[in-house]
Amino acid sequence: MKRIVLTLACLLALLAGIAHAQQQLEIIDLKSRTAEQVLPQLRPFVEPGGTLSGMNNKIFIRASEANRRQIRELLGAIDRPPRRLVISVRQDADSTATARGGEVSGRVSSGGTVIESRRTVVGGAGVEVRRGGDTVRGQVYDSRSAGSERISQQVQVVEGGRAFINVGTSVPVPLRQVVLGPGGAVVSETVVYRDLGTGFSAEPQLAGDNVTLTISPTHDTPGAYGPGSANVQRLTTTVSGRLGEWIDLGGSVEERAGESSGTLRYSSRGGSTGRRVQLKVEELP
């Protein structure tokens with residue numbers, strides 16, 4: 001029994017030696033890609049016992065002739081110039097605002113009593129009635145306004161790369177810090193800057209004429225609540241579509257409404273803001 005086991009062990013060692021002798025080292029020069037770009041795609045195809053490494057524009061493979069030929073065929077499909085792309089992003093906003101109301105003001109006396117309202121409505125249509133020392137004014141208004149914002153940005157990138165663009169301004173924000181120490185409170189005042197702008201970052205991947213894109217568009221504007229406040233619009237998503245076609249990323253709708261009333265007046269205000277984000281990826285020649 002021991003003699004059989006020893007014979008099998010020698011046979012396995014002999015076969016391993018023959019297999020190792022058949023595995024030879026080959027250095028392959030890359031034409032368009034780097035070793036770091038192609039190694040992750042090649043490693044699953046290396047035979048057991050084979051080794052694969054690389055540096056800069058060279059691949060080092062130790063494997064059998066058949067496996068090395070397979071790796072060269074795979075490189076023929078992978079090692080090609082990356083396709084050049086241009087990414088276009090549109091961020092559109094449409095807003096409406098309405099205001100309606102009416103008010104009565106004036107001075108009316110009855111006997112020894114005088115009733116007077118000094119409130120006035122700015123704008124709108126009105127009428128005024130006078131009789132002796134009495135004056136009564138009535139006004140109504142109904143207004144509607146609309147606005148739109150169209151922002152379009154483009155950036156070039158190669159497939160598999162990362163693109164980033166942001167256009168805006170840096171807003172100074174006062175910063176006050178109070179630090180408690182052994183000698184008491186120490187107050188320091190400085191100014192920091194907050195970047196507000198419109199842009200996006202994107203990472204496109206191609207499969208034929210289809211593109212898959214991870215994208216994060218932003219649109220930040222100064223707020224109305226003092227230094228440092230901002231209106232922020234952010235979105236992060238992964239979408240896919242065909243080259244040359246507009247792809248909807250998303251949007252939002254904000255509705256506003258309010259009213260106030262009193263003994264001699266009434267007003268209501270409302271409005272809405274709708275935002276939409278789209279992108280298109282095109283291949284450059």
# chains A, B, ... in the order shown; residues from 1 in each chain; ligands from 1
>>> residues_around(residues="segment 65-81 of chain A", least_positions_apart="2", cutoff="12 Å", atoms="only C-alpha atoms", output="mmCIF file with all heavy atoms, in the first residue's frame")
data_model
loop_
_atom_site.group_PDB
_atom_site.id
_atom_site.type_symbol
_atom_site.label_atom_id
_atom_site.label_comp_id
_atom_site.auth_asym_id
_atom_site.auth_seq_id
_atom_site.Cartn_x
_atom_site.Cartn_y
_atom_site.Cartn_z
ATOM 1 N N ALA A 19 3.824 20.262 -16.326
ATOM 2 C CA ALA A 19 2.931 21.403 -16.528
ATOM 3 C C ALA A 19 3.662 22.716 -16.314
ATOM 4 O O ALA A 19 3.467 23.687 -17.060
ATOM 5 C CB ALA A 19 1.736 21.307 -15.581
ATOM 6 N N HIS A 20 4.551 22.756 -15.270
ATOM 7 C CA HIS A 20 5.287 23.994 -15.004
ATOM 8 C C HIS A 20 6.261 24.290 -16.140
ATOM 9 O O HIS A 20 6.489 25.445 -16.510
ATOM 10 C CB HIS A 20 6.027 23.882 -13.681
ATOM 11 C CG HIS A 20 6.799 25.130 -13.331
ATOM 12 N ND1 HIS A 20 6.189 26.293 -12.925
ATOM 13 C CD2 HIS A 20 8.144 25.380 -13.362
ATOM 14 C CE1 HIS A 20 7.105 27.224 -12.692
ATOM 15 N NE2 HIS A 20 8.301 26.686 -12.957
ATOM 16 N N ALA A 21 6.834 23.203 -16.687
ATOM 17 C CA ALA A 21 7.775 23.402 -17.784
ATOM 18 C C ALA A 21 7.066 23.940 -19.007
ATOM 19 O O ALA A 21 7.646 24.670 -19.812
ATOM 20 C CB ALA A 21 8.480 22.088 -18.098
ATOM 21 N N GLN A 22 5.800 23.591 -19.195
ATOM 22 C CA GLN A 22 5.042 24.080 -20.341
ATOM 23 C C GLN A 22 4.609 25.531 -20.170
ATOM 24 O O GLN A 22 4.270 26.182 -21.152
ATOM 25 C CB GLN A 22 3.819 23.190 -20.563
ATOM 26 C CG GLN A 22 4.156 21.783 -21.039
ATOM 27 C CD GLN A 22 2.927 20.919 -21.175
ATOM 28 O OE1 GLN A 22 1.871 21.235 -20.608
ATOM 29 N NE2 GLN A 22 3.044 19.811 -21.902
ATOM 30 N N GLN A 23 4.554 26.015 -18.938
ATOM 31 C CA GLN A 23 4.177 27.406 -18.688
ATOM 32 C C GLN A 23 5.398 28.297 -18.865
ATOM 33 O O GLN A 23 6.394 28.169 -18.145
ATOM 34 C CB GLN A 23 3.610 27.564 -17.271
ATOM 35 C CG GLN A 23 2.246 26.928 -17.085
ATOM 36 C CD GLN A 23 1.689 27.180 -15.706
ATOM 37 O OE1 GLN A 23 2.430 27.432 -14.755
ATOM 38 N NE2 GLN A 23 0.371 27.111 -15.580
ATOM 39 N N GLN A 24 5.339 29.186 -19.805
ATOM 40 C CA GLN A 24 6.448 30.076 -20.108
ATOM 41 C C GLN A 24 6.033 31.529 -19.891
ATOM 42 O O GLN A 24 4.851 31.874 -19.954
ATOM 43 C CB GLN A 24 6.910 29.864 -21.552
ATOM 44 C CG GLN A 24 7.433 28.474 -21.826
ATOM 45 C CD GLN A 24 7.885 28.311 -23.267
ATOM 46 O OE1 GLN A 24 7.801 29.246 -24.064
ATOM 47 N NE2 GLN A 24 8.372 27.123 -23.605
ATOM 48 N N LEU A 25 7.023 32.363 -19.649
ATOM 49 C CA LEU A 25 6.791 33.785 -19.439
ATOM 50 C C LEU A 25 6.727 34.507 -20.779
ATOM 51 O O LEU A 25 7.584 34.306 -21.647
ATOM 52 C CB LEU A 25 7.896 34.387 -18.574
ATOM 53 C CG LEU A 25 7.832 35.905 -18.363
ATOM 54 C CD1 LEU A 25 6.582 36.285 -17.573
ATOM 55 C CD2 LEU A 25 9.086 36.416 -17.670
ATOM 56 N N GLU A 26 5.726 35.366 -20.914
ATOM 57 C CA GLU A 26 5.587 36.179 -22.118
ATOM 58 C C GLU A 26 5.284 37.621 -21.711
ATOM 59 O O GLU A 26 4.492 37.865 -20.801
ATOM 60 C CB GLU A 26 4.474 35.650 -23.023
ATOM 61 C CG GLU A 26 4.316 36.450 -24.321
ATOM 62 C CD GLU A 26 3.282 35.858 -25.250
ATOM 63 O OE1 GLU A 26 2.859 34.701 -25.027
ATOM 64 O OE2 GLU A 26 2.889 36.555 -26.216
ATOM 65 N N ILE A 27 5.938 38.546 -22.375
ATOM 66 C CA ILE A 27 5.720 39.975 -22.121
ATOM 67 C C ILE A 27 4.953 40.551 -23.306
ATOM 68 O O ILE A 27 5.380 40.428 -24.457
ATOM 69 C CB ILE A 27 7.053 40.721 -21.934
ATOM 70 C CG1 ILE A 27 7.842 40.120 -20.762
ATOM 71 C CG2 ILE A 27 6.792 42.211 -21.692
ATOM 72 C CD1 ILE A 27 9.212 40.720 -20.591
ATOM 73 N N ILE A 28 3.807 41.163 -23.020
ATOM 74 C CA ILE A 28 2.947 41.715 -24.068
ATOM 75 C C ILE A 28 2.915 43.235 -23.924
ATOM 76 O O ILE A 28 2.625 43.758 -22.834
ATOM 77 C CB ILE A 28 1.523 41.144 -23.969
ATOM 78 C CG1 ILE A 28 1.547 39.619 -24.025
ATOM 79 C CG2 ILE A 28 0.640 41.713 -25.067
ATOM 80 C CD1 ILE A 28 0.192 38.981 -23.798
ATOM 81 N N ASP A 29 3.212 43.944 -25.011
ATOM 82 C CA ASP A 29 3.158 45.405 -25.012
ATOM 83 C C ASP A 29 1.730 45.862 -25.324
ATOM 84 O O ASP A 29 1.108 45.382 -26.286
ATOM 85 C CB ASP A 29 4.115 45.981 -26.055
ATOM 86 C CG ASP A 29 5.568 45.775 -25.673
ATOM 87 O OD1 ASP A 29 5.867 45.802 -24.466
ATOM 88 O OD2 ASP A 29 6.389 45.558 -26.586
ATOM 89 N N LEU A 30 1.206 46.768 -24.505
ATOM 90 C CA LEU A 30 -0.117 47.336 -24.717
ATOM 91 C C LEU A 30 -0.016 48.536 -25.655
ATOM 92 O O LEU A 30 0.978 49.268 -25.643
ATOM 93 C CB LEU A 30 -0.741 47.751 -23.385
ATOM 94 C CG LEU A 30 -0.931 46.635 -22.357
ATOM 95 C CD1 LEU A 30 -1.442 47.203 -21.036
ATOM 96 C CD2 LEU A 30 -1.905 45.589 -22.887
ATOM 97 N N LYS A 31 -1.065 48.757 -26.434
ATOM 98 C CA LYS A 31 -1.062 49.839 -27.415
ATOM 99 C C LYS A 31 -1.811 51.080 -26.946
ATOM 100 O O LYS A 31 -1.361 52.198 -27.181
ATOM 101 C CB LYS A 31 -1.668 49.343 -28.734
ATOM 102 C CG LYS A 31 -0.912 48.185 -29.366
ATOM 103 C CD LYS A 31 -1.617 47.695 -30.614
ATOM 104 C CE LYS A 31 -0.889 46.516 -31.239
ATOM 105 N NZ LYS A 31 -1.576 46.001 -32.446
ATOM 106 N N SER A 32 -2.961 50.879 -26.314
ATOM 107 C CA SER A 32 -3.818 52.029 -25.990
ATOM 108 C C SER A 32 -4.185 52.122 -24.525
ATOM 109 O O SER A 32 -4.542 53.201 -24.049
ATOM 110 C CB SER A 32 -5.114 51.973 -26.821
ATOM 111 O OG SER A 32 -4.823 51.951 -28.200
ATOM 112 N N ARG A 33 -4.153 51.029 -23.814
ATOM 113 C CA ARG A 33 -4.541 51.010 -22.404
ATOM 114 C C ARG A 33 -3.327 50.777 -21.523
ATOM 115 O O ARG A 33 -2.244 50.406 -21.996
ATOM 116 C CB ARG A 33 -5.596 49.927 -22.147
ATOM 117 C CG ARG A 33 -6.865 50.055 -22.986
ATOM 118 C CD ARG A 33 -7.635 51.306 -22.632
ATOM 119 N NE ARG A 33 -8.833 51.465 -23.449
ATOM 120 C CZ ARG A 33 -10.075 51.326 -22.975
ATOM 121 N NH1 ARG A 33 -10.279 51.033 -21.705
ATOM 122 N NH2 ARG A 33 -11.115 51.501 -23.773
ATOM 123 N N THR A 34 -3.509 50.987 -20.213
ATOM 124 C CA THR A 34 -2.467 50.712 -19.239
ATOM 125 C C THR A 34 -2.729 49.365 -18.589
ATOM 126 O O THR A 34 -3.841 48.813 -18.647
ATOM 127 C CB THR A 34 -2.414 51.807 -18.166
ATOM 128 O OG1 THR A 34 -3.641 51.785 -17.411
ATOM 129 C CG2 THR A 34 -2.228 53.178 -18.783
ATOM 130 N N ALA A 35 -1.699 48.838 -17.941
ATOM 131 C CA ALA A 35 -1.847 47.552 -17.268
ATOM 132 C C ALA A 35 -2.919 47.608 -16.194
ATOM 133 O O ALA A 35 -3.692 46.657 -16.019
ATOM 134 C CB ALA A 35 -0.505 47.140 -16.659
ATOM 135 N N GLU A 36 -3.005 48.722 -15.474
ATOM 136 C CA GLU A 36 -4.005 48.849 -14.415
ATOM 137 C C GLU A 36 -5.431 48.779 -14.964
ATOM 138 O O GLU A 36 -6.345 48.329 -14.277
ATOM 139 C CB GLU A 36 -3.804 50.169 -13.657
ATOM 140 C CG GLU A 36 -2.542 50.233 -12.796
ATOM 141 C CD GLU A 36 -1.276 50.451 -13.615
ATOM 142 O OE1 GLU A 36 -1.387 50.750 -14.837
ATOM 143 O OE2 GLU A 36 -0.180 50.315 -13.054
ATOM 144 N N GLN A 37 -5.619 49.187 -16.200
ATOM 145 C CA GLN A 37 -6.953 49.188 -16.793
ATOM 146 C C GLN A 37 -7.382 47.808 -17.274
ATOM 147 O O GLN A 37 -8.562 47.465 -17.232
ATOM 148 C CB GLN A 37 -7.010 50.182 -17.959
ATOM 149 C CG GLN A 37 -6.919 51.641 -17.537
ATOM 150 C CD GLN A 37 -6.843 52.588 -18.719
ATOM 151 O OE1 GLN A 37 -6.214 52.296 -19.729
ATOM 152 N NE2 GLN A 37 -7.493 53.729 -18.597
ATOM 153 N N VAL A 38 -6.442 46.993 -17.739
ATOM 154 C CA VAL A 38 -6.818 45.710 -18.337
ATOM 155 C C VAL A 38 -6.664 44.524 -17.390
ATOM 156 O O VAL A 38 -7.314 43.491 -17.601
ATOM 157 C CB VAL A 38 -5.998 45.455 -19.625
ATOM 158 C CG1 VAL A 38 -6.210 46.581 -20.624
ATOM 159 C CG2 VAL A 38 -4.516 45.305 -19.316
ATOM 160 N N LEU A 39 -5.811 44.603 -16.380
ATOM 161 C CA LEU A 39 -5.574 43.455 -15.501
ATOM 162 C C LEU A 39 -6.852 42.923 -14.848
ATOM 163 O O LEU A 39 -7.066 41.702 -14.817
ATOM 164 C CB LEU A 39 -4.540 43.815 -14.433
ATOM 165 C CG LEU A 39 -3.082 43.856 -14.906
ATOM 166 C CD1 LEU A 39 -2.165 44.311 -13.779
ATOM 167 C CD2 LEU A 39 -2.645 42.490 -15.435
ATOM 168 N N PRO A 40 -7.747 43.773 -14.296
ATOM 169 C CA PRO A 40 -8.960 43.221 -13.679
ATOM 170 C C PRO A 40 -9.833 42.422 -14.643
ATOM 171 O O PRO A 40 -10.522 41.493 -14.238
ATOM 172 C CB PRO A 40 -9.685 44.475 -13.172
ATOM 173 C CG PRO A 40 -8.623 45.506 -13.015
ATOM 174 C CD PRO A 40 -7.663 45.233 -14.118
ATOM 175 N N GLN A 41 -9.789 42.761 -15.931
ATOM 176 C CA GLN A 41 -10.606 42.042 -16.913
ATOM 177 C C GLN A 41 -9.947 40.750 -17.377
ATOM 178 O O GLN A 41 -10.626 39.827 -17.833
ATOM 179 C CB GLN A 41 -10.863 42.953 -18.124
ATOM 180 C CG GLN A 41 -11.549 44.268 -17.750
ATOM 181 C CD GLN A 41 -11.655 45.216 -18.929
ATOM 182 O OE1 GLN A 41 -12.393 44.971 -19.878
ATOM 183 N NE2 GLN A 41 -10.914 46.311 -18.887
ATOM 184 N N LEU A 42 -8.619 40.642 -17.252
ATOM 185 C CA LEU A 42 -7.909 39.460 -17.725
ATOM 186 C C LEU A 42 -7.752 38.377 -16.661
ATOM 187 O O LEU A 42 -7.699 37.181 -16.994
ATOM 188 C CB LEU A 42 -6.517 39.862 -18.237
ATOM 189 C CG LEU A 42 -6.467 40.794 -19.448
ATOM 190 C CD1 LEU A 42 -5.021 41.144 -19.788
ATOM 191 C CD2 LEU A 42 -7.149 40.161 -20.656
ATOM 192 N N ARG A 43 -7.639 38.762 -15.402
ATOM 193 C CA ARG A 43 -7.319 37.791 -14.346
ATOM 194 C C ARG A 43 -8.280 36.606 -14.273
ATOM 195 O O ARG A 43 -7.842 35.481 -14.022
ATOM 196 C CB ARG A 43 -7.255 38.504 -12.994
ATOM 197 C CG ARG A 43 -5.985 39.327 -12.815
ATOM 198 C CD ARG A 43 -5.713 39.660 -11.366
ATOM 199 N NE ARG A 43 -4.416 40.292 -11.200
ATOM 200 C CZ ARG A 43 -4.219 41.591 -11.043
ATOM 201 N NH1 ARG A 43 -5.273 42.415 -11.034
ATOM 202 N NH2 ARG A 43 -3.009 42.085 -10.911
ATOM 203 N N PRO A 44 -9.607 36.789 -14.470
ATOM 204 C CA PRO A 44 -10.490 35.610 -14.386
ATOM 205 C C PRO A 44 -10.206 34.549 -15.453
ATOM 206 O O PRO A 44 -10.672 33.409 -15.314
ATOM 207 C CB PRO A 44 -11.890 36.226 -14.585
ATOM 208 C CG PRO A 44 -11.754 37.658 -14.176
ATOM 209 C CD PRO A 44 -10.378 38.033 -14.611
ATOM 210 N N PHE A 45 -9.421 34.878 -16.500
ATOM 211 C CA PHE A 45 -9.188 33.934 -17.593
ATOM 212 C C PHE A 45 -7.820 33.253 -17.507
ATOM 213 O O PHE A 45 -7.466 32.472 -18.389
ATOM 214 C CB PHE A 45 -9.305 34.660 -18.937
ATOM 215 C CG PHE A 45 -10.675 35.234 -19.188
ATOM 216 C CD1 PHE A 45 -10.975 36.551 -18.854
ATOM 217 C CD2 PHE A 45 -11.682 34.452 -19.737
ATOM 218 C CE1 PHE A 45 -12.234 37.071 -19.071
ATOM 219 C CE2 PHE A 45 -12.946 34.966 -19.966
ATOM 220 C CZ PHE A 45 -13.226 36.281 -19.625
ATOM 221 N N VAL A 46 -7.052 33.546 -16.464
ATOM 222 C CA VAL A 46 -5.742 32.907 -16.300
ATOM 223 C C VAL A 46 -5.940 31.499 -15.739
ATOM 224 O O VAL A 46 -6.677 31.292 -14.775
ATOM 225 C CB VAL A 46 -4.840 33.746 -15.378
ATOM 226 C CG1 VAL A 46 -3.489 33.057 -15.183
ATOM 227 C CG2 VAL A 46 -4.634 35.133 -15.970
ATOM 228 N N GLU A 47 -5.267 30.519 -16.342
ATOM 229 C CA GLU A 47 -5.429 29.122 -15.943
ATOM 230 C C GLU A 47 -4.859 28.881 -14.547
ATOM 231 O O GLU A 47 -4.017 29.649 -14.068
ATOM 232 C CB GLU A 47 -4.719 28.220 -16.952
ATOM 233 C CG GLU A 47 -3.202 28.421 -16.973
ATOM 234 C CD GLU A 47 -2.524 27.612 -18.071
ATOM 235 O OE1 GLU A 47 -3.247 26.998 -18.872
ATOM 236 O OE2 GLU A 47 -1.279 27.602 -18.122
ATOM 237 N N PRO A 48 -5.314 27.826 -13.850
ATOM 238 C CA PRO A 48 -4.757 27.494 -12.537
ATOM 239 C C PRO A 48 -3.252 27.275 -12.624
ATOM 240 O O PRO A 48 -2.754 26.594 -13.527
ATOM 241 C CB PRO A 48 -5.486 26.193 -12.164
ATOM 242 C CG PRO A 48 -6.762 26.246 -12.943
ATOM 243 C CD PRO A 48 -6.419 26.932 -14.229
ATOM 244 N N GLY A 49 -2.524 27.889 -11.705
ATOM 245 C CA GLY A 49 -1.073 27.797 -11.712
ATOM 246 C C GLY A 49 -0.397 28.882 -12.502
ATOM 247 O O GLY A 49 0.817 29.077 -12.374
ATOM 248 N N GLY A 50 -1.146 29.580 -13.344
ATOM 249 C CA GLY A 50 -0.575 30.672 -14.113
ATOM 250 C C GLY A 50 -0.514 31.957 -13.303
ATOM 251 O O GLY A 50 -1.203 32.113 -12.288
ATOM 252 N N THR A 51 0.303 32.897 -13.719
ATOM 253 C CA THR A 51 0.441 34.185 -13.046
ATOM 254 C C THR A 51 0.288 35.305 -14.073
ATOM 255 O O THR A 51 0.652 35.157 -15.247
ATOM 256 C CB THR A 51 1.809 34.311 -12.347
ATOM 257 O OG1 THR A 51 2.854 34.193 -13.322
ATOM 258 C CG2 THR A 51 1.964 33.235 -11.279
ATOM 259 N N LEU A 52 -0.236 36.413 -13.603
ATOM 260 C CA LEU A 52 -0.462 37.576 -14.466
ATOM 261 C C LEU A 52 -0.173 38.835 -13.666
ATOM 262 O O LEU A 52 -0.673 39.004 -12.545
ATOM 263 C CB LEU A 52 -1.905 37.605 -14.973
ATOM 264 C CG LEU A 52 -2.282 38.780 -15.880
ATOM 265 C CD1 LEU A 52 -1.585 38.663 -17.229
ATOM 266 C CD2 LEU A 52 -3.792 38.844 -16.075
ATOM 267 N N ASN A 57 2.714 50.049 -19.566
ATOM 268 C CA ASN A 57 2.069 49.539 -20.781
ATOM 269 C C ASN A 57 2.508 48.117 -21.116
ATOM 270 O O ASN A 57 2.496 47.703 -22.276
ATOM 271 C CB ASN A 57 2.376 50.462 -21.970
ATOM 272 C CG ASN A 57 3.852 50.431 -22.340
ATOM 273 O OD1 ASN A 57 4.712 50.274 -21.473
ATOM 274 N ND2 ASN A 57 4.151 50.592 -23.624
ATOM 275 N N LYS A 58 2.874 47.318 -20.103
ATOM 276 C CA LYS A 58 3.333 45.951 -20.335
ATOM 277 C C LYS A 58 2.567 44.972 -19.445
ATOM 278 O O LYS A 58 2.258 45.268 -18.293
ATOM 279 C CB LYS A 58 4.841 45.809 -20.083
ATOM 280 C CG LYS A 58 5.700 46.626 -21.055
ATOM 281 C CD LYS A 58 7.169 46.385 -20.821
ATOM 282 C CE LYS A 58 8.022 47.223 -21.774
ATOM 283 N NZ LYS A 58 7.779 46.872 -23.191
ATOM 284 N N ILE A 59 2.280 43.785 -20.028
ATOM 285 C CA ILE A 59 1.629 42.691 -19.317
ATOM 286 C C ILE A 59 2.626 41.529 -19.230
ATOM 287 O O ILE A 59 3.258 41.165 -20.233
ATOM 288 C CB ILE A 59 0.362 42.230 -20.053
ATOM 289 C CG1 ILE A 59 -0.708 43.314 -20.000
ATOM 290 C CG2 ILE A 59 -0.192 40.941 -19.445
ATOM 291 C CD1 ILE A 59 -1.253 43.578 -18.616
ATOM 292 N N PHE A 60 2.748 40.942 -18.039
ATOM 293 C CA PHE A 60 3.630 39.795 -17.820
ATOM 294 C C PHE A 60 2.747 38.596 -17.482
ATOM 295 O O PHE A 60 2.055 38.604 -16.465
ATOM 296 C CB PHE A 60 4.616 40.058 -16.680
ATOM 297 C CG PHE A 60 5.367 41.360 -16.822
ATOM 298 C CD1 PHE A 60 5.014 42.465 -16.059
ATOM 299 C CD2 PHE A 60 6.413 41.481 -17.719
ATOM 300 C CE1 PHE A 60 5.701 43.658 -16.186
ATOM 301 C CE2 PHE A 60 7.099 42.671 -17.852
ATOM 302 C CZ PHE A 60 6.750 43.767 -17.097
ATOM 303 N N ILE A 61 2.796 37.567 -18.326
ATOM 304 C CA ILE A 61 1.975 36.387 -18.101
ATOM 305 C C ILE A 61 2.839 35.136 -18.197
ATOM 306 O O ILE A 61 3.633 34.960 -19.132
ATOM 307 C CB ILE A 61 0.800 36.309 -19.090
ATOM 308 C CG1 ILE A 61 -0.006 35.042 -18.830
ATOM 309 C CG2 ILE A 61 1.260 36.412 -20.538
ATOM 310 C CD1 ILE A 61 -1.300 34.968 -19.580
ATOM 311 N N ARG A 62 2.701 34.268 -17.217
ATOM 312 C CA ARG A 62 3.340 32.951 -17.240
ATOM 313 C C ARG A 62 2.226 31.925 -17.267
ATOM 314 O O ARG A 62 1.483 31.744 -16.302
ATOM 315 C CB ARG A 62 4.230 32.744 -16.010
ATOM 316 C CG ARG A 62 4.971 31.395 -16.018
ATOM 317 C CD ARG A 62 5.804 31.229 -14.780
ATOM 318 N NE ARG A 62 6.918 32.151 -14.757
ATOM 319 C CZ ARG A 62 8.072 31.977 -15.372
ATOM 320 N NH1 ARG A 62 8.282 30.868 -16.095
ATOM 321 N NH2 ARG A 62 9.038 32.858 -15.279
ATOM 322 N N ALA A 63 2.085 31.238 -18.397
ATOM 323 C CA ALA A 63 1.019 30.262 -18.584
ATOM 324 C C ALA A 63 1.362 29.387 -19.774
ATOM 325 O O ALA A 63 2.408 29.549 -20.430
ATOM 326 C CB ALA A 63 -0.315 30.976 -18.816
ATOM 327 N N ARG A 83 -13.070 55.607 -26.183
ATOM 328 C CA ARG A 83 -13.940 56.478 -26.978
ATOM 329 C C ARG A 83 -14.110 57.819 -26.274
ATOM 330 O O ARG A 83 -14.261 57.891 -25.050
ATOM 331 C CB ARG A 83 -15.293 55.794 -27.186
ATOM 332 C CG ARG A 83 -15.163 54.511 -27.963
ATOM 333 C CD ARG A 83 -16.336 53.586 -27.788
ATOM 334 N NE ARG A 83 -17.532 54.039 -28.470
ATOM 335 C CZ ARG A 83 -18.679 53.363 -28.477
ATOM 336 N NH1 ARG A 83 -18.770 52.207 -27.838
ATOM 337 N NH2 ARG A 83 -19.725 53.837 -29.125
ATOM 338 N N ARG A 84 -14.076 58.894 -27.063
ATOM 339 C CA ARG A 84 -14.218 60.249 -26.539
ATOM 340 C C ARG A 84 -15.699 60.634 -26.528
ATOM 341 O O ARG A 84 -16.407 60.438 -27.517
ATOM 342 C CB ARG A 84 -13.399 61.234 -27.371
ATOM 343 C CG ARG A 84 -11.914 60.961 -27.335
ATOM 344 C CD ARG A 84 -11.153 61.783 -28.354
ATOM 345 N NE ARG A 84 -11.363 63.207 -28.181
ATOM 346 C CZ ARG A 84 -11.845 64.007 -29.120
ATOM 347 N NH1 ARG A 84 -12.176 63.516 -30.301
ATOM 348 N NH2 ARG A 84 -12.000 65.295 -28.893
ATOM 349 N N VAL A 158 -13.365 60.755 -21.529
ATOM 350 C CA VAL A 158 -13.211 59.466 -22.204
ATOM 351 C C VAL A 158 -14.019 58.423 -21.441
ATOM 352 O O VAL A 158 -14.287 58.575 -20.243
ATOM 353 C CB VAL A 158 -11.737 59.042 -22.282
ATOM 354 C CG1 VAL A 158 -10.950 60.012 -23.132
ATOM 355 C CG2 VAL A 158 -11.124 58.917 -20.895
ATOM 356 N N GLU A 159 -14.429 57.358 -22.146
ATOM 357 C CA GLU A 159 -15.224 56.324 -21.485
ATOM 358 C C GLU A 159 -14.444 55.730 -20.318
ATOM 359 O O GLU A 159 -13.235 55.529 -20.377
ATOM 360 C CB GLU A 159 -15.578 55.215 -22.473
ATOM 361 C CG GLU A 159 -14.387 54.473 -23.048
ATOM 362 C CD GLU A 159 -14.812 53.251 -23.853
ATOM 363 O OE1 GLU A 159 -15.610 52.461 -23.320
ATOM 364 O OE2 GLU A 159 -14.350 53.106 -24.982
ATOM 365 N N GLY A 160 -15.173 55.502 -19.222
ATOM 366 C CA GLY A 160 -14.539 54.995 -18.015
ATOM 367 C C GLY A 160 -13.897 56.062 -17.165
ATOM 368 O O GLY A 160 -13.454 55.785 -16.043
#
>>> residues_around(residues="Tyr193 of chain A", least_positions_apart="3", cutoff="10 Å", atoms="only C-alpha atoms", output="ChimeraX atom specification")
/A:169-175,196,228
>>> residues_around(residues="segment 207-224 of chain A", least_positions_apart="6", cutoff="6 Å", atoms="only C-alpha atoms", output="list in words")
Leu196, Gly197, Thr198, Gly199, Phe200, Ser201, Ala230, Asn231, Val232, Gln233, Arg234, Leu235, Thr236, Thr237, Thr238, Val239, Ser240, Gly241, Arg242 and Leu243 of chain A
>>> write_last_selection(atoms="C-alpha atoms", output="mmCIF file, in the first residue's frame")
data_model
loop_
_atom_site.group_PDB
_atom_site.id
_atom_site.type_symbol
_atom_site.label_atom_id
_atom_site.label_comp_id
_atom_site.auth_asym_id
_atom_site.auth_seq_id
_atom_site.Cartn_x
_atom_site.Cartn_y
_atom_site.Cartn_z
ATOM 1 C CA LEU A 196 -22.366 78.281 -4.781
ATOM 2 C CA GLY A 197 -22.800 77.238 -8.362
ATOM 3 C CA THR A 198 -24.226 74.930 -10.964
ATOM 4 C CA GLY A 199 -22.502 71.825 -12.258
ATOM 5 C CA PHE A 200 -22.299 68.055 -12.232
ATOM 6 C CA SER A 201 -19.949 65.098 -11.877
ATOM 7 C CA ALA A 230 -28.347 78.856 0.304
ATOM 8 C CA ASN A 231 -31.027 77.280 -1.824
ATOM 9 C CA VAL A 232 -29.676 73.825 -2.624
ATOM 10 C CA GLN A 233 -30.709 71.420 -5.375
ATOM 11 C CA ARG A 234 -28.917 68.064 -5.376
ATOM 12 C CA LEU A 235 -29.494 64.780 -7.210
ATOM 13 C CA THR A 236 -27.467 61.568 -7.517
ATOM 14 C CA THR A 237 -28.553 58.699 -9.747
ATOM 15 C CA THR A 238 -27.435 56.014 -12.182
ATOM 16 C CA VAL A 239 -29.219 55.934 -15.546
ATOM 17 C CA SER A 240 -28.777 54.242 -18.897
ATOM 18 C CA GLY A 241 -29.806 55.058 -22.446
ATOM 19 C CA ARG A 242 -28.596 55.339 -26.006
ATOM 20 C CA LEU A 243 -25.913 57.687 -27.241
#
>>> residues_around(residues="segment 142-150 of chain A", least_positions_apart="4", cutoff="10 Å", atoms="only C-alpha atoms", output="ChimeraX atom specification")
/A:90-102,123-125,267-276
>>> closest_residue(among="A:Glu283, A:Glu103, A:Asp248, A:Glu189", to="Gln156 of chain A", atoms="only C-alpha atoms")
A:Glu283
>>> closest_residue(among="A:Ser88, A:Gln154, A:Gln139, A:Ser260", to="Gly244 of chain A", atoms="only C-alpha atoms")
A:Ser88
>>> atom_distance(atom1="atom CA of Val281 of chain A", atom2="atom CA of Ile151 of chain A")
16.6 Å
>>> atom_distance(atom1="atom CA of Gly161 of chain A", atom2="atom CA of Gly251 of chain A")
26.2 Å
>>> select_by_dssp(residues="segment 125-241 of chain A", states="strand (DSSP E)", output="JSON, numbers by chain")
{"A": [125, 126, 127, 128, 129, 130, 131, 134, 135, 136, 137, 138, 139, 140, 141, 142, 143, 144, 145, 146, 147, 148, 149, 150, 151, 152, 153, 154, 155, 156, 157, 158, 163, 164, 165, 166, 167, 168, 169, 170, 171, 172, 173, 174, 175, 176, 177, 178, 179, 180, 181, 184, 185, 186, 187, 188, 189, 190, 191, 192, 193, 194, 195, 196, 197, 198, 199, 200, 201, 202, 203, 204, 205, 206, 207, 210, 211, 212, 213, 214, 215, 216, 217, 218, 219, 220, 221, 222, 230, 231, 232, 233, 234, 237, 238, 239, 240, 241]}
